[in-house]
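Engineer: One file is attached below, structure.tsv, containing TSV, C-alpha atoms and all ligand atoms.
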chain	number	residue	atom	x	y	z
A	1	MET	CA	13.76	44.34	53.77
A	2	ASP	CA	17.32	45.21	52.72
A	3	VAL	CA	17.98	48.93	52.25
A	4	LEU	CA	21.65	48.80	51.24
A	5	THR	CA	23.17	47.87	47.92
A	6	GLU	CA	25.89	45.22	47.69
A	7	ALA	CA	28.36	48.03	46.98
A	8	GLN	CA	27.36	49.87	50.18
A	9	VAL	CA	27.73	46.72	52.29
A	10	GLY	CA	31.11	46.09	50.64
A	11	GLN	CA	32.25	49.66	51.34
A	12	PHE	CA	31.29	49.38	55.00
A	13	GLU	CA	33.15	46.08	55.36
A	14	ARG	CA	36.25	47.44	53.62
A	15	GLU	CA	36.33	51.01	54.93
A	16	GLY	CA	34.27	50.90	58.14
A	17	TRP	CA	32.01	53.84	57.23
A	18	LEU	CA	29.12	54.66	54.95
A	19	PHE	CA	27.38	57.85	53.84
A	20	LEU	CA	23.57	57.61	53.64
A	21	ALA	CA	21.68	60.26	51.68
A	22	ASP	CA	18.12	61.19	52.72
A	23	ALA	CA	18.28	59.40	56.05
A	24	LEU	CA	15.76	61.80	57.62
A	25	PRO	CA	12.43	62.89	56.07
A	26	ALA	CA	12.17	66.70	55.78
A	27	ALA	CA	9.43	67.00	58.44
A	28	THR	CA	11.50	64.95	60.91
A	29	LEU	CA	14.57	67.09	60.24
A	30	ASP	CA	12.48	70.22	60.94
A	31	ASP	CA	11.24	68.75	64.24
A	32	LEU	CA	14.75	67.84	65.39
A	33	ASN	CA	16.07	71.28	64.46
A	34	ALA	CA	13.19	73.17	66.13
A	35	GLN	CA	13.86	71.28	69.35
A	36	PHE	CA	17.59	71.90	69.09
A	37	GLU	CA	17.06	75.64	68.54
A	38	ALA	CA	14.91	75.72	71.69
A	39	TRP	CA	17.79	74.06	73.60
A	40	VAL	CA	20.26	76.64	72.27
A	41	GLU	CA	17.92	79.47	73.35
A	42	GLU	CA	17.66	77.95	76.82
A	43	SER	CA	21.47	77.66	77.04
A	44	ARG	CA	21.81	81.47	76.79
A	45	SER	CA	20.63	81.77	80.39
A	46	HIS	CA	23.24	79.33	81.75
A	47	GLY	CA	26.87	80.02	82.50
A	48	GLU	CA	27.87	76.43	83.34
A	49	PRO	CA	26.91	72.92	82.25
A	50	TYR	CA	23.40	72.20	83.52
A	51	GLY	CA	20.54	69.70	83.58
A	52	LEU	CA	20.80	66.19	84.99
A	53	THR	CA	21.31	62.83	83.33
A	54	PHE	CA	20.53	59.37	84.58
A	55	ASP	CA	23.82	59.16	86.49
A	56	GLY	CA	23.67	62.64	88.01
A	57	ARG	CA	26.05	64.42	85.61
A	58	PRO	CA	25.09	67.60	83.70
A	59	ARG	CA	23.10	66.93	80.53
A	60	PHE	CA	23.90	70.15	78.63
A	61	ASP	CA	27.60	70.84	78.08
A	62	LEU	CA	28.95	74.29	77.24
A	63	GLU	CA	32.20	75.17	75.50
A	64	PRO	CA	34.47	77.43	77.60
A	65	GLY	CA	33.71	80.99	76.39
A	66	HIS	CA	29.96	80.30	76.07
A	67	ASN	CA	27.95	83.48	76.72
A	68	PRO	CA	24.39	84.72	76.11
A	69	ALA	CA	25.36	86.62	72.95
A	70	GLN	CA	27.38	83.77	71.46
A	71	PRO	CA	26.02	80.50	72.86
A	72	ALA	CA	28.37	77.53	72.56
A	73	LEU	CA	26.19	74.57	73.54
A	74	ARG	CA	28.39	71.67	72.42
A	75	ARG	CA	26.76	68.50	73.77
A	76	ILE	CA	23.36	67.27	74.93
A	77	ALA	CA	23.45	63.83	76.55
A	78	SER	CA	20.61	61.38	75.90
A	79	PRO	CA	18.20	63.69	74.03
A	80	THR	CA	15.91	60.65	73.56
A	81	GLU	CA	14.88	61.15	77.19
A	82	LEU	CA	13.77	64.73	76.51
A	83	SER	CA	12.20	64.69	73.07
A	84	ASP	CA	9.81	62.32	71.30
A	85	ALA	CA	11.22	63.45	67.96
A	86	TYR	CA	14.74	62.31	68.91
A	87	LEU	CA	13.37	59.10	70.45
A	88	ALA	CA	11.48	58.23	67.24
A	89	VAL	CA	14.60	58.73	65.11
A	90	MET	CA	16.64	56.58	67.49
A	91	ARG	CA	14.07	53.79	67.15
A	92	SER	CA	13.46	53.66	63.42
A	93	GLY	CA	14.34	54.87	59.98
A	94	LEU	CA	16.69	54.15	57.11
A	95	ALA	CA	19.88	54.25	59.21
A	96	VAL	CA	18.46	51.83	61.81
A	97	ASP	CA	17.50	49.46	59.00
A	98	ALA	CA	20.99	49.81	57.53
A	99	THR	CA	22.55	49.11	60.94
A	100	ALA	CA	20.48	45.93	61.26
A	101	GLU	CA	21.65	44.87	57.83
A	102	LEU	CA	25.31	45.46	58.68
A	103	ILE	CA	25.58	44.04	62.22
A	104	GLY	CA	22.13	42.55	62.87
A	105	PRO	CA	19.60	41.19	62.62
A	106	ASN	CA	19.17	41.76	66.37
A	107	ILE	CA	20.03	45.32	67.38
A	108	GLU	CA	20.02	47.16	70.72
A	109	PHE	CA	20.26	50.86	71.38
A	110	ASN	CA	23.45	51.85	73.22
A	111	HIS	CA	23.47	55.64	73.74
A	112	SER	CA	22.72	58.98	72.06
A	113	LYS	CA	23.80	62.60	72.15
A	114	VAL	CA	23.76	65.80	70.17
A	115	ASN	CA	27.18	67.21	69.25
A	116	ALA	CA	27.03	70.82	68.14
A	117	LYS	CA	29.56	73.30	66.83
A	118	GLN	CA	28.14	76.79	66.96
A	119	PRO	CA	29.63	79.36	64.54
A	120	GLY	CA	32.86	80.67	65.98
A	121	ALA	CA	33.05	78.04	68.76
A	122	ALA	CA	36.33	76.19	69.06
A	123	THR	CA	34.74	72.76	69.61
A	124	ALA	CA	36.86	70.01	68.06
A	125	VAL	CA	36.90	66.25	68.56
A	126	LYS	CA	40.28	64.57	68.82
A	127	PHE	CA	40.89	61.31	66.97
A	128	HIS	CA	39.54	58.29	68.82
A	129	GLN	CA	37.79	54.92	68.44
A	130	ASP	CA	34.34	54.74	70.06
A	131	LEU	CA	34.86	51.16	71.28
A	132	LEU	CA	37.67	52.34	73.59
A	133	PHE	CA	35.10	54.47	75.48
A	134	GLU	CA	32.69	51.58	75.86
A	135	LEU	CA	34.32	48.16	76.04
A	136	HIS	CA	32.06	45.32	74.90
A	137	THR	CA	32.41	41.56	74.41
A	138	ASN	CA	32.75	42.02	70.64
A	139	ASP	CA	32.99	44.90	68.19
A	140	SER	CA	29.63	44.66	66.40
A	141	MET	CA	28.82	48.28	67.14
A	142	ILE	CA	27.73	51.12	64.87
A	143	THR	CA	27.55	54.86	65.46
A	144	VAL	CA	25.01	56.73	63.33
A	145	LEU	CA	25.65	60.46	62.92
A	146	TYR	CA	22.65	62.35	61.51
A	147	PHE	CA	23.42	65.71	59.90
A	148	LEU	CA	20.95	68.29	61.27
A	149	ASP	CA	22.73	71.02	59.27
A	150	ASP	CA	24.50	70.96	55.93
A	151	VAL	CA	27.95	69.62	56.76
A	152	THR	CA	30.67	71.27	54.69
A	153	LEU	CA	34.45	71.29	54.60
A	154	GLU	CA	34.36	74.58	56.55
A	155	ASN	CA	32.05	73.81	59.49
A	156	GLY	CA	34.04	71.04	61.18
A	157	PRO	CA	32.93	67.86	59.40
A	158	LEU	CA	33.45	64.40	60.81
A	159	GLU	CA	36.75	63.00	59.51
A	160	VAL	CA	37.15	59.24	59.22
A	161	VAL	CA	40.19	57.06	58.56
A	162	PRO	CA	38.97	54.47	56.04
A	163	GLY	CA	39.95	50.90	56.88
A	164	SER	CA	41.14	51.75	60.41
A	165	HIS	CA	38.42	49.49	61.89
A	166	ARG	CA	40.51	46.56	60.66
A	167	GLY	CA	43.64	47.86	62.38
A	168	PRO	CA	44.78	48.00	66.01
A	169	LEU	CA	42.79	49.12	69.02
A	170	TYR	CA	44.88	52.13	70.00
A	171	GLU	CA	45.67	53.23	73.56
A	172	HIS	CA	43.42	56.07	74.72
A	173	TRP	CA	45.49	56.59	77.89
A	174	GLN	CA	48.62	58.72	77.84
A	175	ASN	CA	51.04	58.90	80.81
A	176	GLY	CA	48.50	57.26	83.11
A	177	VAL	CA	45.66	59.63	82.13
A	178	PHE	CA	42.56	58.60	80.16
A	179	THR	CA	42.60	61.28	77.45
A	180	GLY	CA	39.97	59.66	75.22
A	181	THR	CA	42.26	60.17	72.25
A	182	VAL	CA	45.12	58.37	70.57
A	183	GLY	CA	48.83	59.17	70.91
A	184	ASP	CA	50.63	61.79	68.82
A	185	GLU	CA	52.11	59.37	66.30
A	186	VAL	CA	48.66	57.86	65.59
A	187	VAL	CA	47.15	61.36	65.28
A	188	GLU	CA	49.77	62.17	62.64
A	189	MET	CA	48.87	59.06	60.65
A	190	ALA	CA	45.13	59.75	61.08
A	191	ARG	CA	45.49	63.34	59.85
A	192	SER	CA	47.25	62.23	56.72
A	193	GLU	CA	44.73	59.48	55.90
A	194	ALA	CA	41.41	60.94	57.10
A	195	ILE	CA	38.66	61.93	54.70
A	196	PRO	CA	35.81	64.34	55.49
A	197	CYS	CA	32.22	63.13	55.64
A	198	VAL	CA	30.16	66.01	54.16
A	199	GLY	CA	26.63	66.30	52.80
A	200	PRO	CA	23.30	68.07	53.08
A	201	ALA	CA	21.16	68.21	56.22
A	202	GLY	CA	19.15	65.01	56.53
A	203	SER	CA	22.05	62.75	55.52
A	204	ALA	CA	23.74	60.34	57.91
A	205	CYS	CA	27.13	58.75	58.30
A	206	LEU	CA	27.48	55.25	59.77
A	207	MET	CA	30.74	54.27	61.45
A	208	HIS	CA	32.05	50.95	62.74
A	209	GLY	CA	32.79	51.05	66.50
A	210	ARG	CA	36.54	50.59	65.88
A	211	LEU	CA	36.86	53.29	63.20
A	212	LEU	CA	39.38	56.04	63.97
A	213	HIS	CA	37.71	59.44	63.61
A	214	GLY	CA	37.68	63.03	64.82
A	215	SER	CA	36.71	66.50	63.63
A	216	GLY	CA	38.08	70.04	63.56
A	217	PRO	CA	36.61	73.37	64.72
A	218	ASN	CA	33.81	75.18	62.91
A	219	LEU	CA	35.52	77.82	60.75
A	220	SER	CA	32.29	79.03	59.13
A	221	ASN	CA	29.42	81.27	60.16
A	222	ARG	CA	26.95	78.36	60.01
A	223	PRO	CA	26.27	75.83	62.81
A	224	ARG	CA	27.17	72.16	62.49
A	225	THR	CA	24.87	69.97	64.56
A	226	LEU	CA	24.82	66.17	64.64
A	227	PHE	CA	22.38	63.81	66.34
A	228	ILE	CA	24.46	60.75	67.20
A	229	SER	CA	22.82	57.43	68.04
A	230	THR	CA	24.83	54.30	68.73
A	231	TYR	CA	23.81	50.64	68.48
A	232	ARG	CA	25.22	47.20	69.18
A	233	SER	CA	24.39	43.69	68.17
A	234	GLU	CA	22.11	42.10	70.80
A	235	ASP	CA	24.83	39.50	71.59
A	236	CYS	CA	27.40	42.27	72.20
A	237	HIS	CA	27.35	43.03	75.93
A	238	PRO	CA	28.92	45.95	77.80
A	239	LEU	CA	31.98	45.30	79.96
A	240	GLU	CA	31.89	48.68	81.70
A	241	PRO	CA	29.31	51.35	82.55
A	242	ASN	CA	27.90	53.45	79.72
A	243	HIS	CA	29.48	56.93	79.43
A	244	VAL	CA	26.12	58.34	78.29
A	245	PRO	CA	23.62	56.22	80.19
A	246	SER	CA	19.90	56.54	79.61
A	247	GLU	CA	16.61	54.88	80.39
A	248	HIS	CA	16.61	53.61	76.80
A	249	GLU	CA	19.93	51.72	76.91
A	250	GLY	CA	19.44	48.13	75.83
A	251	ASP	CA	16.11	48.79	74.06
A	252	LEU	CA	15.72	46.28	71.24
A	253	VAL	CA	15.19	48.29	68.04
A	254	ARG	CA	15.35	45.43	65.52
A	255	GLY	CA	15.03	41.64	65.64
A	256	ALA	CA	14.63	39.46	68.73
A	257	ARG	CA	16.36	38.66	72.03
A	258	THR	CA	18.58	35.56	71.89
A	259	ASN	CA	20.02	35.38	75.42
A	260	ARG	CA	23.43	34.81	73.79
A	261	VAL	CA	26.77	36.47	74.40
A	262	ARG	CA	29.44	36.52	71.68
A	263	CYS	CA	33.02	37.08	72.83
A	264	THR	CA	35.81	37.88	70.44
A	265	ALA	CA	39.52	38.21	71.23
A	266	MET	CA	40.38	41.85	71.97
A	267	GLU	CA	42.81	43.34	74.44
A	268	MET	CA	42.41	46.91	75.66
A	269	ALA	CA	42.47	49.13	78.73
A	270	PHE	CA	39.27	50.00	80.56
A	271	SER	CA	38.19	53.58	79.93
A	272	GLU	CA	37.37	56.12	82.60
A	273	ILE	CA	33.86	57.50	83.14
A	274	PRO	CA	33.96	61.30	82.80
A	275	THR	CA	33.14	63.21	85.97
A	276	GLY	CA	32.06	66.27	83.93
A	277	ALA	CA	29.31	66.69	81.37
A	278	SER	CA	31.08	64.91	78.51
A	279	PHE	CA	34.27	63.56	77.00
A	280	PHE	CA	35.41	67.05	75.94
A	281	ASP	CA	36.92	67.61	79.41
A	282	GLN	CA	38.73	64.26	79.15
A	283	GLN	CA	40.09	65.07	75.68
A	284	ALA	CA	41.28	68.48	76.93
A	285	LYS	CA	43.68	66.61	79.23
A	286	ALA	CA	45.62	65.51	76.15
A	287	GLU	CA	46.86	69.11	75.83
A	288	MET	CA	48.24	69.34	79.37
B	301	LIG	O1	30.99	65.67	66.62
B	301	LIG	C1	31.83	65.11	65.91
B	301	LIG	O2	32.36	65.67	64.95
B	301	LIG	C2	32.30	63.69	66.18
B	301	LIG	C3	31.61	63.09	67.33
B	301	LIG	C4	32.31	61.94	67.96
B	301	LIG	O3	33.23	61.40	67.44
B	301	LIG	C5	31.86	61.48	69.26
B	301	LIG	O4	31.09	62.18	69.95
B	301	LIG	O5	32.30	60.35	69.66
Let's see the structure in the file written out as structure tokens.
Ligand SMILES: O=C(O)CCC(=O)C(=O)O
Structural biologist:
Amino acid sequence: MDVLTEAQVGQFEREGWLFLADALPAATLDDLNAQFEAWVEESRSHGEPYGLTFDGRPRFDLEPGHNPAQPALRRIASPTELSDAYLAVMRSGLAVDATAELIGPNIEFNHSKVNAKQPGAATAVKFHQDLLFELHTNDSMITVLYFLDDVTLENGPLEVVPGSHRGPLYEHWQNGVFTGTVGDEVVEMARSEAIPCVGPAGSACLMHGRLLHGSGPNLSNRPRTLFISTYRSEDCHPLEPNHVPSEHEGDLVRGARTNRVRCTAMEMAFSEIPTGASFFDQQAKAEM
């Protein structure tokens, strides 16, 4: 059953992003938030990134300056492995249906994470294109960002550059270093063209895998937490290891297996797997 209007499909094709209201039922939102609050509480007793993911890296990432009084938990890798509530949202719901409509019908799970900006934490995400972190045989990839809090202009909303998914694949290496962000001149263009993606808790934003996006620090006294789940068409196969691997990678969430591979012409540099807990350490290298 189609869940998107013709206008929504047209907007996604033209602009590479889409806002979805009421993507999470209220009870589901409460479950996700209760679990996240428990993770924040737990983080108070840690001074360094902790926990273990599939590939042996820390699962819980902390912003420099994190302390028990002002926790700055900024990333949880693969929460679907820890929580049935997160797993259920990854597997089904309005945004998964919309993803199948836009790049389906056959859809696989790619990876998931929670990105959080605690009040007063400096966490920011530099402009990048997700595909350049996870090269695939084609670009039929969608990132779904669920708003677990109200996202406002003040608390570091996602900022997207409409139409950039139809433009170049930008270099995410600078001076021989994988910085996971684009060069200064592209940042300047992105800043002038980006629009914020804001809305109440329970909404979601869908982004094309090539869309240029980033987000600023949280300047408010309210948290900004996103559950991010990424998908690919079943005939879109990875060309390099997943940066956020999990036992659920490759799970078919819609449609059927075809045993096909679709290759489209793209030229780009391989990325670099982070050695730390997340891409924040890689993006910090852009400042050096
Ligand atoms: O947390 C955000 O604002 C953006 C997240 C993002 O772009 C990412 O994790 O790739």
Engineer: Which one is closest to A:Trp17: A:Gly120, A:Gly216, A:Gly209, A:Pro238? Count all atoms listed in the file.
Structural biologist: A:Gly209
Engineer: Within 8 Å of ligand LIG 301 (chain B) (counting only C-alpha atoms and all ligand atoms), which residues show up? I'd like them as a list in words.
Structural biologist: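 Residues lying within 8 Å of ligand LIG 301 (chain B): Lys113, Asn115, Ala116, Lys117, Ala124, Val125, Lys126, Phe127, His128, Gln129, Asp130, Leu145, Gly156, Pro157, Leu158, Glu159, His213, Gly214, Ser215, Gly216, Thr225, Leu226, Ile228 and Phe279 of chain A.
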Engineer: One decimal, in Å: what's the spacing between atom CA of A:Asn155 and atom CA of A:Phe109?
Structural biologist: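 Separation between atom CA of A:Asn155 and atom CA of A:Phe109: 28.4 Å.
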Engineer: If we count all atoms listed in the file and set the cut-off at 12 Å, which residues sit around A:Ala100, ignoring sequence neighbours fewer than 2 positions away in its own chain? Please answer as number ranges by chain.
Structural biologist: A: 1-4, 9, 91-98, 102-109, 140-142, 144, 206, 231-234, 252-256
Engineer: Using all atoms listed in the file, find all polymer residues with an atom at most 12 Å away from the point (34.7, 54.9, 71.3); report them as a PyMOL selection string.
Structural biologist: chain A and resi 110-111+125-136+139+141-143+165+169-172+179-182+207-214+230+242-244+268+270-272+279
Engineer: Any idea what the distance is between atom CA of A:Pro58 and atom CA of A:Glu247?
Structural biologist: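 Computing it gives 15.6 Å between the two atoms.
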Engineer: Could you please determine the separation between atom CA of A:Val187 and atom CA of A:Ser164 in Å, to one decimal place?
Structural biologist: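 Computing it gives 12.3 Å between the two atoms.
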Engineer: Determine, counting all atoms listed in the file, which protein, DNA and RNA residues have an atom within 8 Å of an atom of stretch 29-31 of chain A; residues of the same chain fewer than 6 positions away are not included. Present the result as number ranges by chain.
Structural biologist: A: 85, 148, 201-202
Engineer: So, with all atoms listed in the file as the atoms that count, which of A:Leu18, A:Leu87, A:Ala69, A:Ala7 lies closest to A:Leu32?
Structural biologist: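 Of the candidates, the smallest distance to A:Leu32 is held by A:Leu87.
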Engineer: Would you kindly return, as a ChimeraX atom specification, each protein, DNA or RNA residue with an atom no farther than 8 Å from any atom of A:Phe60, considering only C-alpha atoms and excluding same-chain residues fewer than 6 positions away?
Structural biologist: /A:49-51,73-77,277
